[in-house]
>>> print(open('input_30.cif').read())   # mmCIF, N, CA and C atoms
data_query
loop_
_atom_site.label_atom_id
_atom_site.label_comp_id
_atom_site.auth_asym_id
_atom_site.auth_seq_id
_atom_site.Cartn_x
_atom_site.Cartn_y
_atom_site.Cartn_z
N MET A 443 -206.86 -12.60 -11.05
CA MET A 443 -207.03 -12.04 -9.72
C MET A 443 -205.66 -11.78 -9.10
N ILE A 444 -205.50 -10.62 -8.54
CA ILE A 444 -204.23 -10.25 -7.92
C ILE A 444 -204.16 -10.85 -6.51
N THR A 445 -203.07 -11.56 -6.24
CA THR A 445 -202.82 -12.10 -4.90
C THR A 445 -201.42 -11.68 -4.47
N SER A 446 -201.08 -11.98 -3.23
CA SER A 446 -199.74 -11.62 -2.74
C SER A 446 -198.66 -12.41 -3.47
N LYS A 447 -198.98 -13.58 -3.98
CA LYS A 447 -198.00 -14.42 -4.68
C LYS A 447 -197.71 -13.94 -6.09
N ASN A 448 -198.69 -13.33 -6.77
CA ASN A 448 -198.49 -12.93 -8.17
C ASN A 448 -198.54 -11.42 -8.37
N LEU A 449 -198.41 -10.64 -7.31
CA LEU A 449 -198.51 -9.19 -7.40
C LEU A 449 -197.50 -8.58 -8.36
N VAL A 450 -196.24 -9.05 -8.33
CA VAL A 450 -195.21 -8.45 -9.19
C VAL A 450 -195.46 -8.71 -10.67
N HIS A 451 -196.32 -9.64 -11.00
CA HIS A 451 -196.63 -9.95 -12.39
C HIS A 451 -197.87 -9.22 -12.89
N HIS A 452 -198.40 -8.30 -12.10
CA HIS A 452 -199.60 -7.55 -12.46
C HIS A 452 -199.29 -6.06 -12.61
N GLU A 453 -200.24 -5.37 -13.16
CA GLU A 453 -200.18 -3.91 -13.31
C GLU A 453 -200.43 -3.26 -11.96
N PHE A 454 -199.64 -2.25 -11.59
CA PHE A 454 -199.79 -1.57 -10.31
C PHE A 454 -200.72 -0.38 -10.37
N ILE A 455 -200.97 0.16 -11.55
CA ILE A 455 -201.79 1.37 -11.67
C ILE A 455 -203.18 1.09 -11.13
N GLY A 456 -203.62 1.96 -10.22
CA GLY A 456 -204.93 1.81 -9.60
C GLY A 456 -204.88 1.22 -8.20
N LEU A 457 -203.74 0.65 -7.81
CA LEU A 457 -203.62 0.07 -6.48
C LEU A 457 -203.29 1.15 -5.45
N LYS A 458 -203.78 0.97 -4.25
CA LYS A 458 -203.42 1.86 -3.15
C LYS A 458 -202.06 1.44 -2.63
N VAL A 459 -201.25 2.42 -2.24
CA VAL A 459 -199.89 2.13 -1.81
C VAL A 459 -199.47 3.08 -0.69
N HIS A 460 -198.61 2.56 0.17
CA HIS A 460 -197.93 3.38 1.19
C HIS A 460 -196.45 3.23 0.88
N ALA A 461 -195.80 4.32 0.49
CA ALA A 461 -194.41 4.28 0.06
C ALA A 461 -193.53 5.06 1.02
N THR A 462 -192.40 4.45 1.39
CA THR A 462 -191.40 5.13 2.20
C THR A 462 -190.05 4.94 1.54
N ASN A 463 -189.17 5.91 1.75
CA ASN A 463 -187.84 5.84 1.17
C ASN A 463 -186.85 5.58 2.29
N MET A 464 -186.00 4.57 2.13
CA MET A 464 -185.06 4.18 3.18
C MET A 464 -183.98 5.23 3.40
N LYS A 465 -183.61 5.96 2.35
CA LYS A 465 -182.57 6.98 2.46
C LYS A 465 -183.12 8.29 3.01
N ASN A 466 -184.35 8.61 2.66
CA ASN A 466 -184.97 9.86 3.06
C ASN A 466 -186.21 9.52 3.89
N LYS A 467 -186.05 9.45 5.19
CA LYS A 467 -187.15 9.02 6.08
C LYS A 467 -188.33 9.99 6.06
N SER A 468 -188.12 11.23 5.66
CA SER A 468 -189.22 12.19 5.63
C SER A 468 -190.17 11.92 4.45
N LEU A 469 -189.75 11.12 3.50
CA LEU A 469 -190.59 10.78 2.35
C LEU A 469 -191.50 9.63 2.74
N ASP A 470 -192.75 9.94 3.00
CA ASP A 470 -193.73 8.97 3.47
C ASP A 470 -195.05 9.30 2.78
N LEU A 471 -195.38 8.56 1.72
CA LEU A 471 -196.54 8.88 0.90
C LEU A 471 -197.59 7.78 0.95
N LYS A 472 -198.84 8.19 0.95
CA LYS A 472 -199.96 7.26 0.84
C LYS A 472 -200.85 7.76 -0.28
N GLY A 473 -201.34 6.84 -1.10
CA GLY A 473 -202.23 7.24 -2.17
C GLY A 473 -202.44 6.13 -3.17
N THR A 474 -202.80 6.51 -4.38
CA THR A 474 -203.10 5.57 -5.46
C THR A 474 -202.07 5.73 -6.56
N ILE A 475 -201.59 4.62 -7.09
CA ILE A 475 -200.61 4.66 -8.17
C ILE A 475 -201.30 5.08 -9.46
N ILE A 476 -200.74 6.12 -10.11
CA ILE A 476 -201.33 6.59 -11.36
C ILE A 476 -200.41 6.40 -12.55
N ASP A 477 -199.12 6.13 -12.32
CA ASP A 477 -198.20 5.89 -13.42
C ASP A 477 -196.97 5.18 -12.89
N GLU A 478 -196.30 4.45 -13.79
CA GLU A 478 -195.10 3.71 -13.41
C GLU A 478 -194.13 3.69 -14.58
N THR A 479 -192.85 3.93 -14.28
CA THR A 479 -191.79 3.79 -15.27
C THR A 479 -190.78 2.80 -14.73
N LYS A 480 -189.67 2.65 -15.44
CA LYS A 480 -188.64 1.72 -15.01
C LYS A 480 -188.09 2.09 -13.63
N ASN A 481 -187.89 3.36 -13.37
CA ASN A 481 -187.23 3.79 -12.15
C ASN A 481 -188.12 4.51 -11.14
N THR A 482 -189.35 4.85 -11.52
CA THR A 482 -190.20 5.64 -10.62
C THR A 482 -191.64 5.13 -10.59
N ILE A 483 -192.33 5.52 -9.53
CA ILE A 483 -193.77 5.30 -9.42
C ILE A 483 -194.38 6.64 -9.08
N LYS A 484 -195.44 7.04 -9.82
CA LYS A 484 -196.13 8.29 -9.56
C LYS A 484 -197.39 7.98 -8.76
N ILE A 485 -197.54 8.71 -7.63
CA ILE A 485 -198.64 8.46 -6.71
C ILE A 485 -199.51 9.70 -6.61
N GLU A 486 -200.82 9.51 -6.68
CA GLU A 486 -201.75 10.60 -6.37
C GLU A 486 -202.06 10.49 -4.89
N CYS A 487 -201.57 11.45 -4.14
CA CYS A 487 -201.71 11.42 -2.67
C CYS A 487 -203.14 11.72 -2.26
N GLU A 488 -203.41 11.54 -0.97
CA GLU A 488 -204.76 11.74 -0.44
C GLU A 488 -205.21 13.19 -0.55
N ASP A 489 -204.26 14.14 -0.65
CA ASP A 489 -204.63 15.56 -0.82
C ASP A 489 -204.67 15.95 -2.31
N PHE A 490 -204.75 14.97 -3.19
CA PHE A 490 -204.88 15.13 -4.65
C PHE A 490 -203.66 15.76 -5.32
N THR A 491 -202.50 15.72 -4.68
CA THR A 491 -201.26 16.13 -5.33
C THR A 491 -200.59 14.90 -5.91
N GLU A 492 -199.80 15.10 -6.95
CA GLU A 492 -199.08 14.00 -7.57
C GLU A 492 -197.62 14.05 -7.16
N LYS A 493 -197.10 12.93 -6.67
CA LYS A 493 -195.71 12.84 -6.24
C LYS A 493 -195.06 11.66 -6.95
N MET A 494 -193.79 11.83 -7.27
CA MET A 494 -193.04 10.77 -7.92
C MET A 494 -191.99 10.27 -6.93
N ILE A 495 -191.89 8.97 -6.78
CA ILE A 495 -190.96 8.38 -5.84
C ILE A 495 -190.08 7.37 -6.60
N PRO A 496 -188.77 7.38 -6.33
CA PRO A 496 -187.90 6.41 -7.00
C PRO A 496 -188.13 5.01 -6.44
N LYS A 497 -188.02 4.02 -7.30
CA LYS A 497 -188.17 2.64 -6.84
C LYS A 497 -186.96 2.19 -6.03
N MET A 498 -185.76 2.54 -6.52
CA MET A 498 -184.54 2.14 -5.82
C MET A 498 -184.48 2.80 -4.44
N GLY A 499 -184.27 1.99 -3.43
CA GLY A 499 -184.15 2.51 -2.08
C GLY A 499 -185.48 2.78 -1.39
N SER A 500 -186.58 2.40 -2.01
CA SER A 500 -187.90 2.64 -1.41
C SER A 500 -188.55 1.32 -1.00
N LEU A 501 -189.49 1.43 -0.10
CA LEU A 501 -190.25 0.28 0.37
C LEU A 501 -191.72 0.57 0.10
N PHE A 502 -192.41 -0.35 -0.55
CA PHE A 502 -193.80 -0.15 -0.93
C PHE A 502 -194.69 -1.18 -0.23
N VAL A 503 -195.77 -0.70 0.36
CA VAL A 503 -196.79 -1.58 0.94
C VAL A 503 -198.04 -1.39 0.09
N PHE A 504 -198.34 -2.40 -0.73
CA PHE A 504 -199.48 -2.36 -1.63
C PHE A 504 -200.71 -2.92 -0.92
N GLU A 505 -201.86 -2.28 -1.15
CA GLU A 505 -203.12 -2.80 -0.63
C GLU A 505 -203.87 -3.42 -1.81
N LEU A 506 -204.08 -4.72 -1.74
CA LEU A 506 -204.76 -5.44 -2.80
C LEU A 506 -206.26 -5.19 -2.73
N PRO A 507 -207.00 -5.47 -3.82
CA PRO A 507 -208.45 -5.24 -3.81
C PRO A 507 -209.19 -6.00 -2.71
N ASN A 508 -208.64 -7.14 -2.26
CA ASN A 508 -209.30 -7.90 -1.20
C ASN A 508 -208.94 -7.40 0.20
N GLY A 509 -208.15 -6.31 0.29
CA GLY A 509 -207.79 -5.72 1.57
C GLY A 509 -206.46 -6.19 2.13
N GLU A 510 -205.87 -7.20 1.53
CA GLU A 510 -204.58 -7.74 1.99
C GLU A 510 -203.46 -6.73 1.69
N LYS A 511 -202.49 -6.63 2.59
CA LYS A 511 -201.36 -5.72 2.39
C LYS A 511 -200.10 -6.53 2.14
N VAL A 512 -199.34 -6.10 1.11
CA VAL A 512 -198.13 -6.80 0.70
C VAL A 512 -196.98 -5.79 0.65
N GLU A 513 -195.88 -6.10 1.32
CA GLU A 513 -194.70 -5.23 1.35
C GLU A 513 -193.67 -5.74 0.35
N ILE A 514 -193.19 -4.84 -0.52
CA ILE A 514 -192.20 -5.21 -1.54
C ILE A 514 -191.10 -4.16 -1.57
N ASP A 515 -189.87 -4.63 -1.63
CA ASP A 515 -188.70 -3.76 -1.75
C ASP A 515 -188.67 -3.21 -3.18
N GLY A 516 -188.51 -1.91 -3.30
CA GLY A 516 -188.51 -1.25 -4.61
C GLY A 516 -187.36 -1.67 -5.51
N ASN A 517 -186.26 -2.16 -4.93
CA ASN A 517 -185.13 -2.61 -5.75
C ASN A 517 -185.53 -3.77 -6.65
N ILE A 518 -186.44 -4.61 -6.19
CA ILE A 518 -186.93 -5.74 -7.00
C ILE A 518 -187.75 -5.23 -8.18
N LEU A 519 -188.43 -4.11 -8.00
CA LEU A 519 -189.35 -3.59 -9.02
C LEU A 519 -188.68 -2.72 -10.07
N SER A 520 -187.38 -2.51 -9.96
CA SER A 520 -186.70 -1.58 -10.86
C SER A 520 -186.43 -2.19 -12.24
N ILE A 521 -187.51 -2.53 -12.91
CA ILE A 521 -187.48 -3.01 -14.29
C ILE A 521 -188.67 -2.33 -14.99
N ARG A 522 -188.61 -2.29 -16.28
CA ARG A 522 -189.75 -1.72 -17.01
C ARG A 522 -191.00 -2.54 -16.69
N PRO A 523 -192.14 -1.89 -16.49
CA PRO A 523 -193.36 -2.62 -16.12
C PRO A 523 -193.72 -3.73 -17.09
N GLU A 524 -193.55 -3.48 -18.38
CA GLU A 524 -193.90 -4.51 -19.36
C GLU A 524 -192.96 -5.70 -19.30
N ASP A 525 -191.71 -5.49 -18.88
CA ASP A 525 -190.77 -6.61 -18.72
C ASP A 525 -191.01 -7.34 -17.39
N ARG A 526 -191.38 -6.59 -16.35
CA ARG A 526 -191.64 -7.19 -15.04
C ARG A 526 -192.82 -8.15 -15.09
N ILE A 527 -193.83 -7.83 -15.87
CA ILE A 527 -195.03 -8.64 -15.94
C ILE A 527 -194.72 -10.04 -16.49
N LYS A 528 -193.78 -10.13 -17.43
CA LYS A 528 -193.47 -11.43 -18.03
C LYS A 528 -192.22 -12.11 -17.46
N LYS A 529 -191.52 -11.44 -16.54
CA LYS A 529 -190.28 -11.99 -15.97
C LYS A 529 -190.60 -13.02 -14.89
N ARG A 530 -189.71 -14.01 -14.78
CA ARG A 530 -189.83 -14.99 -13.71
C ARG A 530 -188.86 -14.61 -12.60
N PHE A 531 -189.36 -14.56 -11.39
CA PHE A 531 -188.53 -14.24 -10.24
C PHE A 531 -188.21 -15.53 -9.50
N LYS A 532 -186.96 -15.64 -9.03
CA LYS A 532 -186.56 -16.83 -8.30
C LYS A 532 -187.27 -16.92 -6.96
N LYS A 533 -187.14 -15.88 -6.15
CA LYS A 533 -187.78 -15.86 -4.85
C LYS A 533 -187.96 -14.43 -4.41
N ILE A 534 -189.16 -14.12 -3.95
CA ILE A 534 -189.45 -12.76 -3.50
C ILE A 534 -189.71 -12.78 -2.02
#
>>> encode(input="input_30.cif", output="structure tokens")
Amino acid sequence: MITSKNLVHHEFIGLKVHATNMKNKSLDLKGTIIDETKNTIKIECEDFTEKMIPKMGSLFVFELPNGEKVEIDGNILSIRPEDRIKKRFKKI
């Protein structure tokens, strides 16, 4: 079960997300995550377009299946998804 404590150790594909970029304030996306790489997250927006956002310099607010919202700095997520799932983080 995905919780706010173990979110970084789970797969993000399928989660709803609100992504903003700290460097480019006009970049403000809401939608569902459809793909993830080491440096980017691909989001299917509410208008059914696909947008790719860099993890570095971005802020992500994930909506968990239970409705809880969790905010995570994209700089922490800038690792390959398969490595992030098994990595131990000191403090998030």
>>> closest_residue(input="input_30.cif", among="A:Ile495, A:Leu471, A:Ile514, A:Pro523", to="Phe454 in chain A", atoms="all atoms listed in the file")
A:Pro523
>>> resolve_selection(input="input_30.cif", expression="the PyMOL selection byres ((chain A and resi 506) around 8)", output="PyMOL selection string")
chain A and resi 444-446+457-459+503-505+507-512
>>> closest_residue(input="input_30.cif", among="A:Ser500, A:Met464, A:Arg522, A:Lys472", to="Cys487 in chain A", atoms="all atoms listed in the file")
A:Lys472
>>> atom_distance(input="input_30.cif", atom1="atom N of Glu492 in chain A", atom2="CA of Asp470 in chain A")
13.5 Å
>>> atom_distance(input="input_30.cif", atom1="atom N of Met494 in chain A", atom2="atom C of Ile518 in chain A")
18.1 Å
>>> residues_around(input="input_30.cif", residues="Glu486 in chain A", least_positions_apart="3", cutoff="6.5 Å", atoms="only N, CA and C atoms", output="list in words")
Lys472, Gly473, Thr474, Ile475, Ile476, Asp489, Phe490, Thr491, Glu492 and Lys493 of chain A
>>> select_by_dssp(input="input_30.cif", residues="range 487-533 of chain A", states="helix (DSSP H, G or I)", output="PyMOL selection string")
chain A and resi 523-528
>>> closest_residue(input="input_30.cif", among="A:Ile521, A:Asp477, A:Lys484, A:Glu513", to="Lys447 in chain A", atoms="only C-alpha atoms")
A:Glu513
>>> atom_distance(input="input_30.cif", atom1="CA of Met498 in chain A", atom2="CA of Lys465 in chain A")
9.8 Å
>>> select_by_dssp(input="input_30.cif", residues="chain A", states="strand (DSSP E)", output="PyMOL selection string")
chain A and resi 458-463+470-478+482-487+492-496+500-505+511-515
>>> write_last_selection(input="input_30.cif", atoms="N, CA and C atoms", output="mmCIF file, in the frame of the given file")
data_model
loop_
_atom_site.group_PDB
_atom_site.id
_atom_site.type_symbol
_atom_site.label_atom_id
_atom_site.label_comp_id
_atom_site.auth_asym_id
_atom_site.auth_seq_id
_atom_site.Cartn_x
_atom_site.Cartn_y
_atom_site.Cartn_z
ATOM 1 N N LYS A 458 -203.780 0.970 -4.250
ATOM 2 C CA LYS A 458 -203.420 1.860 -3.150
ATOM 3 C C LYS A 458 -202.060 1.440 -2.630
ATOM 4 N N VAL A 459 -201.250 2.420 -2.240
ATOM 5 C CA VAL A 459 -199.890 2.130 -1.810
ATOM 6 C C VAL A 459 -199.470 3.080 -0.690
ATOM 7 N N HIS A 460 -198.610 2.560 0.170
ATOM 8 C CA HIS A 460 -197.930 3.380 1.190
ATOM 9 C C HIS A 460 -196.450 3.230 0.880
ATOM 10 N N ALA A 461 -195.800 4.320 0.490
ATOM 11 C CA ALA A 461 -194.410 4.280 0.060
ATOM 12 C C ALA A 461 -193.530 5.060 1.020
ATOM 13 N N THR A 462 -192.400 4.450 1.390
ATOM 14 C CA THR A 462 -191.400 5.130 2.200
ATOM 15 C C THR A 462 -190.050 4.940 1.540
ATOM 16 N N ASN A 463 -189.170 5.910 1.750
ATOM 17 C CA ASN A 463 -187.840 5.840 1.170
ATOM 18 C C ASN A 463 -186.850 5.580 2.290
ATOM 19 N N ASP A 470 -192.750 9.940 3.000
ATOM 20 C CA ASP A 470 -193.730 8.970 3.470
ATOM 21 C C ASP A 470 -195.050 9.300 2.780
ATOM 22 N N LEU A 471 -195.380 8.560 1.720
ATOM 23 C CA LEU A 471 -196.540 8.880 0.900
ATOM 24 C C LEU A 471 -197.590 7.780 0.950
ATOM 25 N N LYS A 472 -198.840 8.190 0.950
ATOM 26 C CA LYS A 472 -199.960 7.260 0.840
ATOM 27 C C LYS A 472 -200.850 7.760 -0.280
ATOM 28 N N GLY A 473 -201.340 6.840 -1.100
ATOM 29 C CA GLY A 473 -202.230 7.240 -2.170
ATOM 30 C C GLY A 473 -202.440 6.130 -3.170
ATOM 31 N N THR A 474 -202.800 6.510 -4.380
ATOM 32 C CA THR A 474 -203.100 5.570 -5.460
ATOM 33 C C THR A 474 -202.070 5.730 -6.560
ATOM 34 N N ILE A 475 -201.590 4.620 -7.090
ATOM 35 C CA ILE A 475 -200.610 4.660 -8.170
ATOM 36 C C ILE A 475 -201.300 5.080 -9.460
ATOM 37 N N ILE A 476 -200.740 6.120 -10.110
ATOM 38 C CA ILE A 476 -201.330 6.590 -11.360
ATOM 39 C C ILE A 476 -200.410 6.400 -12.550
ATOM 40 N N ASP A 477 -199.120 6.130 -12.320
ATOM 41 C CA ASP A 477 -198.200 5.890 -13.420
ATOM 42 C C ASP A 477 -196.970 5.180 -12.890
ATOM 43 N N GLU A 478 -196.300 4.450 -13.790
ATOM 44 C CA GLU A 478 -195.100 3.710 -13.410
ATOM 45 C C GLU A 478 -194.130 3.690 -14.580
ATOM 46 N N THR A 482 -189.350 4.850 -11.520
ATOM 47 C CA THR A 482 -190.200 5.640 -10.620
ATOM 48 C C THR A 482 -191.640 5.130 -10.590
ATOM 49 N N ILE A 483 -192.330 5.520 -9.530
ATOM 50 C CA ILE A 483 -193.770 5.300 -9.420
ATOM 51 C C ILE A 483 -194.380 6.640 -9.080
ATOM 52 N N LYS A 484 -195.440 7.040 -9.820
ATOM 53 C CA LYS A 484 -196.130 8.290 -9.560
ATOM 54 C C LYS A 484 -197.390 7.980 -8.760
ATOM 55 N N ILE A 485 -197.540 8.710 -7.630
ATOM 56 C CA ILE A 485 -198.640 8.460 -6.710
ATOM 57 C C ILE A 485 -199.510 9.700 -6.610
ATOM 58 N N GLU A 486 -200.820 9.510 -6.680
ATOM 59 C CA GLU A 486 -201.750 10.600 -6.370
ATOM 60 C C GLU A 486 -202.060 10.490 -4.890
ATOM 61 N N CYS A 487 -201.570 11.450 -4.140
ATOM 62 C CA CYS A 487 -201.710 11.420 -2.670
ATOM 63 C C CYS A 487 -203.140 11.720 -2.260
ATOM 64 N N GLU A 492 -199.800 15.100 -6.950
ATOM 65 C CA GLU A 492 -199.080 14.000 -7.570
ATOM 66 C C GLU A 492 -197.620 14.050 -7.160
ATOM 67 N N LYS A 493 -197.100 12.930 -6.670
ATOM 68 C CA LYS A 493 -195.710 12.840 -6.240
ATOM 69 C C LYS A 493 -195.060 11.660 -6.950
ATOM 70 N N MET A 494 -193.790 11.830 -7.270
ATOM 71 C CA MET A 494 -193.040 10.770 -7.920
ATOM 72 C C MET A 494 -191.990 10.270 -6.930
ATOM 73 N N ILE A 495 -191.890 8.970 -6.780
ATOM 74 C CA ILE A 495 -190.960 8.380 -5.840
ATOM 75 C C ILE A 495 -190.080 7.370 -6.600
ATOM 76 N N PRO A 496 -188.770 7.380 -6.330
ATOM 77 C CA PRO A 496 -187.900 6.410 -7.000
ATOM 78 C C PRO A 496 -188.130 5.010 -6.440
ATOM 79 N N SER A 500 -186.580 2.400 -2.010
ATOM 80 C CA SER A 500 -187.900 2.640 -1.410
ATOM 81 C C SER A 500 -188.550 1.320 -1.000
ATOM 82 N N LEU A 501 -189.490 1.430 -0.100
ATOM 83 C CA LEU A 501 -190.250 0.280 0.370
ATOM 84 C C LEU A 501 -191.720 0.570 0.100
ATOM 85 N N PHE A 502 -192.410 -0.350 -0.550
ATOM 86 C CA PHE A 502 -193.800 -0.150 -0.930
ATOM 87 C C PHE A 502 -194.690 -1.180 -0.230
ATOM 88 N N VAL A 503 -195.770 -0.700 0.360
ATOM 89 C CA VAL A 503 -196.790 -1.580 0.940
ATOM 90 C C VAL A 503 -198.040 -1.390 0.090
ATOM 91 N N PHE A 504 -198.340 -2.400 -0.730
ATOM 92 C CA PHE A 504 -199.480 -2.360 -1.630
ATOM 93 C C PHE A 504 -200.710 -2.920 -0.920
ATOM 94 N N GLU A 505 -201.860 -2.280 -1.150
ATOM 95 C CA GLU A 505 -203.120 -2.800 -0.630
ATOM 96 C C GLU A 505 -203.870 -3.420 -1.810
ATOM 97 N N LYS A 511 -202.490 -6.630 2.590
ATOM 98 C CA LYS A 511 -201.360 -5.720 2.390
ATOM 99 C C LYS A 511 -200.100 -6.530 2.140
ATOM 100 N N VAL A 512 -199.340 -6.100 1.110
ATOM 101 C CA VAL A 512 -198.130 -6.800 0.700
ATOM 102 C C VAL A 512 -196.980 -5.790 0.650
ATOM 103 N N GLU A 513 -195.880 -6.100 1.320
ATOM 104 C CA GLU A 513 -194.700 -5.230 1.350
ATOM 105 C C GLU A 513 -193.670 -5.740 0.350
ATOM 106 N N ILE A 514 -193.190 -4.840 -0.520
ATOM 107 C CA ILE A 514 -192.200 -5.210 -1.540
ATOM 108 C C ILE A 514 -191.100 -4.160 -1.570
ATOM 109 N N ASP A 515 -189.870 -4.630 -1.630
ATOM 110 C CA ASP A 515 -188.700 -3.760 -1.750
ATOM 111 C C ASP A 515 -188.670 -3.210 -3.180
#
>>> residues_around(input="input_30.cif", residues="Lys480 in chain A", least_positions_apart="3", cutoff="10 Å", atoms="only C-alpha atoms", output="PyMOL selection string")
chain A and resi 483+496-497+519-526
>>> write_last_selection(input="input_30.cif", atoms="N, CA and C atoms", output="short mmCIF file (atom, residue, chain, number, x, y, z; two decimals), keeping the file's coordinate frame")
data_model
loop_
_atom_site.label_atom_id
_atom_site.label_comp_id
_atom_site.auth_asym_id
_atom_site.auth_seq_id
_atom_site.Cartn_x
_atom_site.Cartn_y
_atom_site.Cartn_z
N ILE A 483 -192.33 5.52 -9.53
CA ILE A 483 -193.77 5.30 -9.42
C ILE A 483 -194.38 6.64 -9.08
N PRO A 496 -188.77 7.38 -6.33
CA PRO A 496 -187.90 6.41 -7.00
C PRO A 496 -188.13 5.01 -6.44
N LYS A 497 -188.02 4.02 -7.30
CA LYS A 497 -188.17 2.64 -6.84
C LYS A 497 -186.96 2.19 -6.03
N LEU A 519 -188.43 -4.11 -8.00
CA LEU A 519 -189.35 -3.59 -9.02
C LEU A 519 -188.68 -2.72 -10.07
N SER A 520 -187.38 -2.51 -9.96
CA SER A 520 -186.70 -1.58 -10.86
C SER A 520 -186.43 -2.19 -12.24
N ILE A 521 -187.51 -2.53 -12.91
CA ILE A 521 -187.48 -3.01 -14.29
C ILE A 521 -188.67 -2.33 -14.99
N ARG A 522 -188.61 -2.29 -16.28
CA ARG A 522 -189.75 -1.72 -17.01
C ARG A 522 -191.00 -2.54 -16.69
N PRO A 523 -192.14 -1.89 -16.49
CA PRO A 523 -193.36 -2.62 -16.12
C PRO A 523 -193.72 -3.73 -17.09
N GLU A 524 -193.55 -3.48 -18.38
CA GLU A 524 -193.90 -4.51 -19.36
C GLU A 524 -192.96 -5.70 -19.30
N ASP A 525 -191.71 -5.49 -18.88
CA ASP A 525 -190.77 -6.61 -18.72
C ASP A 525 -191.01 -7.34 -17.39
N ARG A 526 -191.38 -6.59 -16.35
CA ARG A 526 -191.64 -7.19 -15.04
C ARG A 526 -192.82 -8.15 -15.09
#
>>> build_atoms(input="input_30.cif", residues="range 512-526 of chain A", atoms="N, CA, C and O atoms", output="PDB file, in the coordinates of the input")
ATOM      1  N   VAL A 512    -199.340  -6.100   1.110  1.00  0.00           N
ATOM      2  CA  VAL A 512    -198.130  -6.800   0.700  1.00  0.00           C
ATOM      3  C   VAL A 512    -196.980  -5.790   0.650  1.00  0.00           C
ATOM      4  O   VAL A 512    -197.096  -4.746   0.008  1.00  0.00           O
ATOM      5  N   GLU A 513    -195.880  -6.100   1.320  1.00  0.00           N
ATOM      6  CA  GLU A 513    -194.700  -5.230   1.350  1.00  0.00           C
ATOM      7  C   GLU A 513    -193.670  -5.740   0.350  1.00  0.00           C
ATOM      8  O   GLU A 513    -193.329  -6.923   0.352  1.00  0.00           O
ATOM      9  N   ILE A 514    -193.190  -4.840  -0.520  1.00  0.00           N
ATOM     10  CA  ILE A 514    -192.200  -5.210  -1.540  1.00  0.00           C
ATOM     11  C   ILE A 514    -191.100  -4.160  -1.570  1.00  0.00           C
ATOM     12  O   ILE A 514    -191.371  -2.960  -1.551  1.00  0.00           O
ATOM     13  N   ASP A 515    -189.870  -4.630  -1.630  1.00  0.00           N
ATOM     14  CA  ASP A 515    -188.700  -3.760  -1.750  1.00  0.00           C
ATOM     15  C   ASP A 515    -188.670  -3.210  -3.180  1.00  0.00           C
ATOM     16  O   ASP A 515    -188.788  -3.947  -4.156  1.00  0.00           O
ATOM     17  N   GLY A 516    -188.510  -1.910  -3.300  1.00  0.00           N
ATOM     18  CA  GLY A 516    -188.510  -1.250  -4.610  1.00  0.00           C
ATOM     19  C   GLY A 516    -187.360  -1.670  -5.510  1.00  0.00           C
ATOM     20  O   GLY A 516    -187.459  -1.574  -6.731  1.00  0.00           O
ATOM     21  N   ASN A 517    -186.260  -2.160  -4.930  1.00  0.00           N
ATOM     22  CA  ASN A 517    -185.130  -2.610  -5.750  1.00  0.00           C
ATOM     23  C   ASN A 517    -185.530  -3.770  -6.650  1.00  0.00           C
ATOM     24  O   ASN A 517    -185.025  -3.914  -7.759  1.00  0.00           O
ATOM     25  N   ILE A 518    -186.440  -4.610  -6.190  1.00  0.00           N
ATOM     26  CA  ILE A 518    -186.930  -5.740  -7.000  1.00  0.00           C
ATOM     27  C   ILE A 518    -187.750  -5.230  -8.180  1.00  0.00           C
ATOM     28  O   ILE A 518    -187.753  -5.831  -9.253  1.00  0.00           O
ATOM     29  N   LEU A 519    -188.430  -4.110  -8.000  1.00  0.00           N
ATOM     30  CA  LEU A 519    -189.350  -3.590  -9.020  1.00  0.00           C
ATOM     31  C   LEU A 519    -188.680  -2.720 -10.070  1.00  0.00           C
ATOM     32  O   LEU A 519    -189.340  -2.235 -10.968  1.00  0.00           O
ATOM     33  N   SER A 520    -187.380  -2.510  -9.960  1.00  0.00           N
ATOM     34  CA  SER A 520    -186.700  -1.580 -10.860  1.00  0.00           C
ATOM     35  C   SER A 520    -186.430  -2.190 -12.240  1.00  0.00           C
ATOM     36  O   SER A 520    -185.307  -2.342 -12.683  1.00  0.00           O
ATOM     37  N   ILE A 521    -187.510  -2.530 -12.910  1.00  0.00           N
ATOM     38  CA  ILE A 521    -187.480  -3.010 -14.290  1.00  0.00           C
ATOM     39  C   ILE A 521    -188.670  -2.330 -14.990  1.00  0.00           C
ATOM     40  O   ILE A 521    -189.588  -1.886 -14.320  1.00  0.00           O
ATOM     41  N   ARG A 522    -188.610  -2.290 -16.280  1.00  0.00           N
ATOM     42  CA  ARG A 522    -189.750  -1.720 -17.010  1.00  0.00           C
ATOM     43  C   ARG A 522    -191.000  -2.540 -16.690  1.00  0.00           C
ATOM     44  O   ARG A 522    -190.930  -3.769 -16.606  1.00  0.00           O
ATOM     45  N   PRO A 523    -192.140  -1.890 -16.490  1.00  0.00           N
ATOM     46  CA  PRO A 523    -193.360  -2.620 -16.120  1.00  0.00           C
ATOM     47  C   PRO A 523    -193.720  -3.730 -17.090  1.00  0.00           C
ATOM     48  O   PRO A 523    -194.119  -4.822 -16.677  1.00  0.00           O
ATOM     49  N   GLU A 524    -193.550  -3.480 -18.380  1.00  0.00           N
ATOM     50  CA  GLU A 524    -193.900  -4.510 -19.360  1.00  0.00           C
ATOM     51  C   GLU A 524    -192.960  -5.700 -19.300  1.00  0.00           C
ATOM     52  O   GLU A 524    -193.351  -6.834 -19.620  1.00  0.00           O
ATOM     53  N   ASP A 525    -191.710  -5.490 -18.880  1.00  0.00           N
ATOM     54  CA  ASP A 525    -190.770  -6.610 -18.720  1.00  0.00           C
ATOM     55  C   ASP A 525    -191.010  -7.340 -17.390  1.00  0.00           C
ATOM     56  O   ASP A 525    -190.844  -8.546 -17.303  1.00  0.00           O
ATOM     57  N   ARG A 526    -191.380  -6.590 -16.350  1.00  0.00           N
ATOM     58  CA  ARG A 526    -191.640  -7.190 -15.040  1.00  0.00           C
ATOM     59  C   ARG A 526    -192.820  -8.150 -15.090  1.00  0.00           C
ATOM     60  O   ARG A 526    -192.808  -9.207 -14.457  1.00  0.00           O
TER      61      ARG A 526
END
